[in-house]
file input-v5.cif (mmCIF, C-alpha atoms)
data_my_file
#
loop_
_atom_site.label_atom_id
_atom_site.label_comp_id
_atom_site.auth_asym_id
_atom_site.auth_seq_id
_atom_site.Cartn_x
_atom_site.Cartn_y
_atom_site.Cartn_z
CA MET K 1 2.94 6.25 -25.84
CA PRO K 2 3.19 7.78 -29.35
CA ILE K 3 6.60 7.75 -30.91
CA ASN K 4 7.82 11.08 -32.27
CA VAL K 5 10.58 10.16 -34.71
CA ASN K 6 12.69 13.28 -35.07
CA ASP K 7 15.32 11.70 -37.32
CA PRO K 8 15.18 13.65 -40.63
CA GLU K 9 16.26 10.54 -42.57
CA TYR K 10 13.24 8.65 -41.21
CA THR K 11 10.95 11.56 -42.11
CA ARG K 12 12.28 11.70 -45.68
CA ALA K 13 11.90 7.95 -46.04
CA GLU K 14 8.32 8.16 -44.75
CA GLU K 15 7.55 10.87 -47.33
CA ALA K 16 9.07 8.71 -50.07
CA TYR K 17 6.91 5.79 -48.95
CA GLN K 18 3.75 7.92 -49.14
CA GLU K 19 4.67 9.09 -52.66
CA ALA K 20 5.73 5.68 -54.02
CA SER K 21 3.67 4.32 -56.91
CA THR K 22 5.19 0.81 -57.07
CA VAL K 23 5.75 -1.92 -54.51
CA GLU K 24 9.48 -1.81 -55.24
CA ASP K 25 9.66 1.89 -54.36
CA GLN K 26 7.52 1.36 -51.26
CA LEU K 27 9.78 -1.45 -50.06
CA MET K 28 12.92 0.60 -50.63
CA ALA K 29 11.52 3.51 -48.60
CA LEU K 30 10.18 1.18 -45.89
CA ASN K 31 13.57 -0.48 -45.41
CA LYS K 32 15.09 2.94 -44.88
CA MET K 33 12.34 3.80 -42.35
CA ILE K 34 13.13 0.61 -40.44
CA SER K 35 16.87 1.36 -40.41
CA HIS K 36 16.22 4.80 -38.91
CA ALA K 37 13.38 3.84 -36.53
CA PRO K 38 14.01 4.25 -32.77
CA THR K 39 15.45 1.16 -31.07
CA HIS K 40 14.29 1.81 -27.49
CA LYS K 41 11.60 -0.33 -25.86
CA GLY K 42 8.88 2.29 -26.29
CA ALA K 43 9.18 1.97 -30.07
CA GLU K 44 8.47 -1.76 -30.19
CA ASN K 45 4.96 -1.29 -31.65
CA LEU K 46 6.26 1.02 -34.36
CA ARG K 47 9.01 -1.41 -35.38
CA GLN K 48 6.54 -4.29 -35.38
CA GLN K 49 4.13 -2.36 -37.62
CA LEU K 50 6.92 -1.50 -40.07
CA THR K 51 8.18 -5.10 -40.13
CA THR K 52 4.67 -6.47 -40.76
CA ARG K 53 4.20 -3.99 -43.57
CA ARG K 54 7.51 -5.06 -45.10
CA LYS K 55 6.50 -8.74 -45.04
CA LYS K 56 3.32 -7.91 -46.95
CA LEU K 57 5.25 -5.99 -49.61
CA GLU K 58 7.81 -8.76 -49.93
CA ALA K 59 4.95 -11.23 -50.45
CA GLN K 60 3.57 -9.02 -53.24
CA LEU K 61 6.99 -8.94 -54.91
CA GLU K 62 7.30 -12.70 -54.68
CA LYS K 63 3.87 -13.05 -56.29
CA LYS K 64 4.98 -10.75 -59.09
CA LYS K 65 8.01 -12.92 -59.80
CA LYS K 66 5.77 -15.99 -60.11
CA THR K 67 3.01 -14.40 -62.21
CA GLY K 68 4.89 -11.66 -64.06
CA LYS K 69 2.18 -9.17 -63.14
CA SER K 70 2.92 -5.51 -62.49
CA THR K 71 3.08 -4.19 -58.92
CA GLN K 72 1.84 -0.73 -59.88
CA THR K 73 -0.31 0.51 -57.00
CA GLY K 74 -2.99 3.10 -56.61
CA ILE K 75 -1.93 6.45 -55.22
CA ARG K 76 -2.09 6.51 -51.43
CA LYS K 77 -4.21 9.56 -50.53
CA GLY K 78 -2.55 12.00 -48.14
CA ASP K 79 -4.29 13.79 -45.27
CA MET K 80 -4.51 16.82 -47.57
CA GLN K 81 -4.64 16.17 -51.30
CA ALA K 82 -4.93 18.64 -54.20
CA ILE K 83 -5.11 17.66 -57.89
CA ILE K 84 -3.88 19.91 -60.72
CA VAL K 85 -6.23 19.70 -63.71
CA GLY K 86 -6.05 21.55 -67.01
CA LYS K 87 -5.40 21.44 -70.74
CA THR K 88 -2.02 20.65 -72.27
CA ASN K 89 0.75 23.28 -72.15
CA VAL K 90 -1.11 25.42 -69.61
CA GLY K 91 1.74 25.09 -67.10
CA LYS K 92 0.61 22.24 -64.83
CA SER K 93 4.08 20.69 -64.55
CA SER K 94 5.65 24.09 -63.92
CA LEU K 95 3.17 24.71 -61.11
CA LEU K 96 3.89 21.31 -59.55
CA LYS K 97 7.63 22.04 -59.61
CA THR K 98 7.09 25.54 -58.17
CA LEU K 99 4.92 24.33 -55.29
CA THR K 100 6.57 21.03 -54.36
CA ASN K 101 9.70 18.89 -54.24
CA ALA K 102 8.76 17.14 -57.50
CA GLU K 103 10.86 17.34 -60.66
CA PRO K 104 8.36 16.76 -63.48
CA LYS K 105 9.41 16.78 -67.10
CA ILE K 106 8.72 20.26 -68.52
CA THR K 107 8.79 20.71 -72.31
CA PRO K 108 6.96 22.81 -74.93
CA THR K 109 5.76 19.52 -76.47
CA LYS K 110 2.08 18.79 -76.00
CA PHE K 111 0.91 15.98 -73.73
CA THR K 112 4.28 15.51 -72.00
CA THR K 113 2.65 14.23 -68.80
CA LYS K 114 1.54 10.63 -69.37
CA GLU K 115 0.73 9.55 -65.79
CA PRO K 116 -0.03 11.21 -62.43
CA THR K 117 3.00 12.96 -60.92
CA ILE K 118 3.14 13.46 -57.17
CA GLY K 119 4.82 16.19 -55.13
CA MET K 120 4.65 17.30 -51.49
CA MET K 121 4.18 20.95 -50.54
CA ASN K 122 5.50 21.80 -47.09
CA TYR K 123 3.45 24.59 -45.57
CA LYS K 124 2.88 25.62 -41.94
CA ASN K 125 4.40 22.44 -40.48
CA SER K 126 2.15 20.34 -42.71
CA GLN K 127 2.57 18.37 -45.90
CA ILE K 128 0.10 18.73 -48.72
CA GLN K 129 0.04 16.08 -51.42
CA ILE K 130 -0.25 17.73 -54.84
CA ILE K 131 -0.75 15.60 -57.94
CA GLU K 132 -0.58 16.65 -61.57
CA ILE K 133 -2.67 14.46 -63.86
CA PRO K 134 -2.48 14.25 -67.68
CA ALA K 135 -4.21 16.96 -69.73
CA ILE K 136 -8.00 16.72 -69.97
CA GLU K 137 -7.91 16.33 -73.76
CA SER K 138 -5.32 13.51 -73.70
CA GLU K 139 -5.99 9.77 -73.90
CA GLU K 140 -4.32 9.33 -70.48
CA PHE K 141 -6.70 11.72 -68.68
CA ASP K 142 -8.34 10.02 -65.70
CA LYS K 143 -10.80 12.12 -63.74
CA SER K 144 -11.15 9.59 -60.91
CA LEU K 145 -8.36 11.19 -58.88
CA ALA K 146 -9.95 14.62 -59.19
CA HIS K 147 -13.35 13.28 -58.15
CA THR K 148 -12.02 12.08 -54.79
CA ALA K 149 -9.53 14.89 -54.07
CA ASP K 150 -10.03 17.36 -51.22
CA THR K 151 -9.16 20.28 -53.52
CA VAL K 152 -9.02 20.60 -57.30
CA LEU K 153 -6.67 23.18 -58.81
CA ILE K 154 -8.15 24.09 -62.21
CA MET K 155 -5.32 25.62 -64.19
CA ILE K 156 -6.10 27.77 -67.22
CA ASP K 157 -4.60 30.47 -69.43
CA SER K 158 -7.93 31.46 -71.00
CA LEU K 159 -11.35 32.01 -69.44
CA LYS K 160 -12.89 29.97 -72.26
CA GLU K 161 -11.31 26.82 -70.82
CA ILE K 162 -13.34 26.85 -67.60
CA PRO K 163 -16.68 25.47 -68.96
CA GLU K 164 -14.89 22.69 -70.86
CA ILE K 165 -12.92 21.59 -67.80
CA GLU K 166 -15.90 21.78 -65.45
CA LYS K 167 -17.89 19.46 -67.75
CA LYS K 168 -15.18 16.85 -67.18
CA LEU K 169 -15.34 17.33 -63.40
CA TYR K 170 -19.08 17.07 -62.79
CA MET K 171 -18.61 14.57 -59.96
CA VAL K 172 -16.02 16.57 -58.01
CA THR K 173 -16.93 16.96 -54.34
CA GLY K 174 -13.83 18.85 -53.17
CA LYS K 175 -13.25 22.57 -53.23
CA LYS K 176 -12.14 24.21 -56.47
CA ILE K 177 -9.54 26.91 -57.05
CA ILE K 178 -9.20 28.50 -60.48
CA ILE K 179 -5.54 29.25 -61.25
CA TYR K 180 -5.09 31.64 -64.16
CA ASN K 181 -1.48 31.14 -65.26
CA LYS K 182 1.00 33.21 -67.32
CA SER K 183 0.28 36.59 -65.72
CA ASP K 184 3.76 37.56 -66.96
CA LYS K 185 2.23 37.75 -70.46
CA LEU K 186 -0.72 39.92 -69.42
CA SER K 187 -1.06 43.67 -69.28
CA GLU K 188 -2.49 45.32 -66.16
CA GLU K 189 -5.73 45.99 -68.03
CA GLU K 190 -6.01 42.35 -69.10
CA LYS K 191 -5.44 41.19 -65.53
CA ARG K 192 -8.09 43.63 -64.29
CA LYS K 193 -10.69 42.27 -66.74
CA ILE K 194 -9.86 38.63 -65.92
CA LYS K 195 -10.12 39.34 -62.20
CA ALA K 196 -13.48 41.09 -62.67
CA ASN K 197 -14.83 38.15 -64.66
CA LEU K 198 -13.75 35.55 -62.11
CA GLN K 199 -15.10 37.63 -59.24
CA SER K 200 -18.46 38.12 -60.96
CA ASN K 201 -18.75 34.34 -61.33
CA LYS K 202 -17.87 33.92 -57.63
CA PHE K 203 -14.86 31.71 -58.27
CA ASN K 204 -12.15 31.15 -55.71
CA PHE K 205 -9.13 32.06 -57.85
CA GLU K 206 -5.59 33.37 -58.14
CA ILE K 207 -3.83 34.93 -61.13
CA ILE K 208 -0.22 33.74 -61.11
CA SER K 209 3.02 33.27 -62.97
CA CYS K 210 5.12 30.12 -62.54
CA ILE K 211 8.28 32.09 -63.29
CA PRO K 212 10.05 32.18 -59.89
CA TYR K 213 11.77 35.53 -60.42
CA TRP K 214 8.71 37.28 -61.88
CA PRO K 215 7.71 40.25 -59.68
CA ASP K 216 4.52 39.58 -57.69
CA ASN K 217 3.97 36.12 -59.20
CA LYS K 218 1.37 35.43 -56.43
CA ILE K 219 2.74 31.95 -55.68
CA GLU K 220 2.75 32.61 -51.92
CA ASP K 221 -0.85 33.88 -52.12
CA LEU K 222 -1.78 30.67 -53.95
CA LYS K 223 -0.15 28.55 -51.24
CA ILE K 224 -2.32 30.31 -48.64
CA LYS K 225 -5.45 29.60 -50.70
CA ILE K 226 -4.55 25.94 -51.14
CA PHE K 227 -3.85 25.43 -47.43
CA SER K 228 -7.01 27.29 -46.43
CA SER K 229 -9.12 25.05 -48.67
CA PHE K 230 -8.64 22.06 -46.36
CA ASP K 231 -11.04 21.59 -43.47
CA ILE K 232 -8.45 20.34 -40.97
CA ILE K 233 -6.83 21.02 -37.62
CA ARG K 234 -3.17 20.37 -36.74
CA ILE K 235 -2.44 18.59 -33.47
CA PHE K 236 1.10 18.19 -32.15
CA THR K 237 2.03 15.35 -29.80
CA LYS K 238 4.77 14.99 -27.23
CA GLU K 239 6.19 12.55 -24.75
CA PRO K 240 6.55 13.56 -21.08
CA GLY K 241 9.76 15.52 -20.57
CA LYS K 242 10.41 15.94 -24.28
CA VAL K 243 9.74 18.60 -26.90
CA LYS K 244 6.69 18.32 -29.14
CA SER K 245 6.87 16.57 -32.48
CA PRO K 246 7.84 18.82 -35.41
CA LYS K 247 5.16 17.28 -37.63
CA PRO K 248 1.49 17.60 -36.58
CA VAL K 249 -1.18 14.95 -36.78
CA ILE K 250 -3.79 16.12 -39.29
CA MET K 251 -7.34 15.77 -37.97
CA THR K 252 -10.84 16.94 -38.87
CA PRO K 253 -12.50 19.72 -36.84
CA HIS K 254 -14.17 18.62 -33.58
CA SER K 255 -11.76 15.68 -33.20
CA THR K 256 -11.14 14.51 -29.64
CA VAL K 257 -8.01 13.41 -27.79
CA LYS K 258 -9.18 9.82 -28.29
CA ASP K 259 -9.41 10.36 -32.06
CA VAL K 260 -5.77 11.51 -32.14
CA ALA K 261 -4.61 8.56 -30.04
CA GLU K 262 -6.37 6.11 -32.36
CA LYS K 263 -4.92 7.74 -35.47
CA ILE K 264 -1.43 7.42 -34.02
CA LEU K 265 -1.97 3.74 -33.30
CA LYS K 266 -5.16 1.68 -33.29
CA GLY K 267 -6.06 0.70 -29.74
CA PHE K 268 -3.61 3.19 -28.24
CA SER K 269 -6.34 5.17 -26.44
CA LYS K 270 -6.94 2.17 -24.14
CA LYS K 271 -3.35 2.43 -22.92
CA VAL K 272 -3.55 6.12 -22.03
CA LYS K 273 -3.31 6.85 -18.30
CA LYS K 274 -3.15 10.66 -18.34
CA THR K 275 -3.32 13.41 -20.96
CA LYS K 276 -2.06 16.99 -20.73
CA ILE K 277 -2.71 19.75 -23.22
CA TRP K 278 -1.24 23.08 -24.30
CA GLY K 279 -2.80 25.43 -26.82
CA PRO K 280 -6.07 27.08 -27.90
CA SER K 281 -8.41 24.49 -26.35
CA SER K 282 -6.70 24.49 -22.92
CA LYS K 283 -7.70 26.67 -19.97
CA PHE K 284 -4.05 26.83 -18.91
CA SER K 285 -0.76 25.28 -20.03
CA GLY K 286 -0.40 21.64 -19.08
CA GLN K 287 -4.08 21.19 -18.24
CA ILE K 288 -5.02 17.57 -17.49
CA ILE K 289 -7.95 16.54 -19.69
CA GLY K 290 -9.90 13.41 -20.63
CA LEU K 291 -10.05 11.45 -23.87
CA ASN K 292 -13.32 13.14 -24.89
CA HIS K 293 -11.79 16.63 -24.81
CA GLU K 294 -12.43 18.40 -28.14
CA LEU K 295 -9.30 19.79 -29.75
CA LYS K 296 -8.53 22.97 -31.67
CA ASP K 297 -5.98 23.81 -34.34
CA MET K 298 -2.37 23.96 -33.04
CA ASP K 299 -3.05 22.16 -29.75
CA THR K 300 -0.24 20.06 -28.29
CA VAL K 301 -1.20 16.81 -26.53
CA GLU K 302 1.01 14.84 -24.15
CA PHE K 303 0.14 11.19 -23.49
CA THR K 304 1.23 9.18 -20.48
CA THR K 305 0.53 5.46 -20.73
CA LYS K 306 -0.46 2.89 -18.10
#

call {"tool": "encode", "arguments": {"input": "input-v5.cif", "output": "structure tokens"}}
result
Amino acid sequence: MPINVNDPEYTRAEEAYQEASTVEDQLMALNKMISHAPTHKGAENLRQQLTTRRKKLEAQLEKKKKTGKSTQTGIRKGDMQAIIVGKTNVGKSSLLKTLTNAEPKITPTKFTTKEPTIGMMNYKNSQIQIIEIPAIESEEFDKSLAHTADTVLIMIDSLKEIPEIEKKLYMVTGKKIIIYNKSDKLSEEEKRKIKANLQSNKFNFEIISCIPYWPDNKIEDLKIKIFSSFDIIRIFTKEPGKVKSPKPVIMTPHSTVKDVAEKILKGFSKKVKKTKIWGPSSKFSGQIIGLNHELKDMDTVEFTTK
């Protein structure tokens, strides 16, 4: 059956693993996950997966020692990923710090951000991966992350910047949100005109200030927009006789019980003996359903194995 690890230390280590950009950082986080993983018999598969993963990372480190090559890895894409794009000094790092647990370097100096910086935004029981990339006019700018992201946060402090940025993002397939920053420096009339312009161009947008104490900075409204941009459903899991997991499994709409089981662990659906469900897709609490049952947002699924 699926293992719901409720240890907060394990959860933090798992988050650190997802955010790690080097093999060394991944291995450090993975070792902590292993030390906090459940030790009962039902968690054997989980421990085996973590141990196998550790062996692979250790092999990569050993190869690095022999060749001297870097272990820098690509960014592991989260279930929900948003990329902050914009020109230098527009407030990208300030936004990342405001929305997430990241501590980016924030200075008035131009082109401070030299490489992608990752943070995690906790919202409605879910974690959203938000990445700030270097300014579009810098040598370090790499649009590849934006092109594959679920959502692109286009940050500006002038309407004139939009056409220039959009030319750089011609291959973007995700949803776009225009974020007009520094509302603390705008008069009410200026904000009215900016809003009218963005509305007339049918942009999805928010006018914000990254100053935490600024009245009506619209940060909470922006969080709602970011979360709503993802086409996902949240499915909670539980073991018989226990409470549901605090962290949902993120799935696409129309996913089935079998899809959730396979995302938890490949081949797990074949071990399922009985499934119960609570939530929007159930006719009544604790309804027994099959693996092909289509799920809805905020359902809770209980698996009993053979």

call {"tool": "resolve_selection", "arguments": {"input": "input-v5.cif", "expression": "the PyMOL selection byres ((chain K and resi 7-13) around 9)", "output": "PyMOL selection string"}}
result
chain K and resi 5-6+14-18+28-38

call {"tool": "atom_distance", "arguments": {"input": "input-v5.cif", "atom1": "atom CA of Thr52 of chain K", "atom2": "atom CA of Gly267 of chain K"}}
result
17.0 Å

call {"tool": "resolve_selection", "arguments": {"input": "input-v5.cif", "expression": "the PyMOL selection byres ((chain K and resi 269) around 12)", "output": "number ranges by chain"}}
result
K: 1-2, 256-268, 270-275, 290-292, 303-306

call {"tool": "residues_around", "arguments": {"input": "input-v5.cif", "residues": "Asp299 of chain K", "least_positions_apart": "5", "cutoff": "8 Å", "atoms": "all atoms listed in the file", "output": "mmCIF file with C-alpha atoms, in the frame of the given file"}}
result
data_model
loop_
_atom_site.group_PDB
_atom_site.id
_atom_site.type_symbol
_atom_site.label_atom_id
_atom_site.label_comp_id
_atom_site.auth_asym_id
_atom_site.auth_seq_id
_atom_site.Cartn_x
_atom_site.Cartn_y
_atom_site.Cartn_z
ATOM 1 C CA ARG K 234 -3.170 20.370 -36.740
ATOM 2 C CA ILE K 235 -2.440 18.590 -33.470
ATOM 3 C CA PHE K 236 1.100 18.190 -32.150
ATOM 4 C CA ILE K 277 -2.710 19.750 -23.220
ATOM 5 C CA TRP K 278 -1.240 23.080 -24.300
ATOM 6 C CA GLY K 279 -2.800 25.430 -26.820
ATOM 7 C CA PRO K 280 -6.070 27.080 -27.900
ATOM 8 C CA SER K 281 -8.410 24.490 -26.350
#

call {"tool": "resolve_selection", "arguments": {"input": "input-v5.cif", "expression": "the PyMOL selection byres ((chain K and resi 175-179) around 9)", "output": "ChimeraX atom specification"}}
result
/K:149-157,162,172-174,180-181,198,203-208,222,225-226,229-230

call {"tool": "residues_near_point", "arguments": {"input": "input-v5.cif", "point": "(5.0, 22.5, -47.8)", "cutoff": "12 Å", "atoms": "all atoms listed in the file", "output": "list in words"}}
result
Glu15, Met80, Leu96, Thr98, Leu99, Thr100, Asn101, Ala102, Gly119, Met120, Met121, Asn122, Tyr123, Lys124, Asn125, Ser126, Gln127, Ile128, Gln129, Ile130, Glu220, Lys223, Ile224, Ile226, Phe227 and Lys247 of chain K

call {"tool": "write_last_selection", "arguments": {"input": "input-v5.cif", "atoms": "C-alpha atoms", "output": "JSON list (two decimals), in the frame of the given file"}}
result
[["chain", "number", "residue", "atom", "x", "y", "z"],
["K", 15, "GLU", "CA", 7.55, 10.87, -47.33],
["K", 80, "MET", "CA", -4.51, 16.82, -47.57],
["K", 96, "LEU", "CA", 3.89, 21.31, -59.55],
["K", 98, "THR", "CA", 7.09, 25.54, -58.17],
["K", 99, "LEU", "CA", 4.92, 24.33, -55.29],
["K", 100, "THR", "CA", 6.57, 21.03, -54.36],
["K", 101, "ASN", "CA", 9.70, 18.89, -54.24],
["K", 102, "ALA", "CA", 8.76, 17.14, -57.50],
["K", 119, "GLY", "CA", 4.82, 16.19, -55.13],
["K", 120, "MET", "CA", 4.65, 17.30, -51.49],
["K", 121, "MET", "CA", 4.18, 20.95, -50.54],
["K", 122, "ASN", "CA", 5.50, 21.80, -47.09],
["K", 123, "TYR", "CA", 3.45, 24.59, -45.57],
["K", 124, "LYS", "CA", 2.88, 25.62, -41.94],
["K", 125, "ASN", "CA", 4.40, 22.44, -40.48],
["K", 126, "SER", "CA", 2.15, 20.34, -42.71],
["K", 127, "GLN", "CA", 2.57, 18.37, -45.90],
["K", 128, "ILE", "CA", 0.10, 18.73, -48.72],
["K", 129, "GLN", "CA", 0.04, 16.08, -51.42],
["K", 130, "ILE", "CA", -0.25, 17.73, -54.84],
["K", 220, "GLU", "CA", 2.75, 32.61, -51.92],
["K", 223, "LYS", "CA", -0.15, 28.55, -51.24],
["K", 224, "ILE", "CA", -2.32, 30.31, -48.64],
["K", 226, "ILE", "CA", -4.55, 25.94, -51.14],
["K", 227, "PHE", "CA", -3.85, 25.43, -47.43],
["K", 247, "LYS", "CA", 5.16, 17.28, -37.63]]

call {"tool": "residues_near_point", "arguments": {"input": "input-v5.cif", "point": "(-8.3, 8.4, -64.3)", "cutoff": "12 Å", "atoms": "all atoms listed in the file", "output": "list in words"}}
result
Gly74, Ile75, Ile83, Val85, Lys114, Glu115, Pro116, Glu132, Ile133, Pro134, Ala135, Ile136, Ser138, Glu139, Glu140, Phe141, Asp142, Lys143, Ser144, Leu145, Ala146, His147, Thr148, Lys168 and Leu169 of chain K

call {"tool": "closest_residue", "arguments": {"input": "input-v5.cif", "among": "K:Thr300, K:Gln199, K:Ser282, K:Gln81", "to": "Val249 of chain K", "atoms": "all atoms listed in the file"}}
result
K:Thr300

call {"tool": "atom_distance", "arguments": {"input": "input-v5.cif", "atom1": "atom CA of Cys210 of chain K", "atom2": "atom CA of Ile131 of chain K"}}
result
16.3 Å

call {"tool": "closest_residue", "arguments": {"input": "input-v5.cif", "among": "K:Ile211, K:Leu46, K:Ile288, K:Leu61", "to": "Lys185 of chain K", "atoms": "only C-alpha atoms"}}
result
K:Ile211

call {"tool": "atom_distance", "arguments": {"input": "input-v5.cif", "atom1": "atom CA of Asp79 of chain K", "atom2": "atom CA of Met298 of chain K"}}
result
16.0 Å
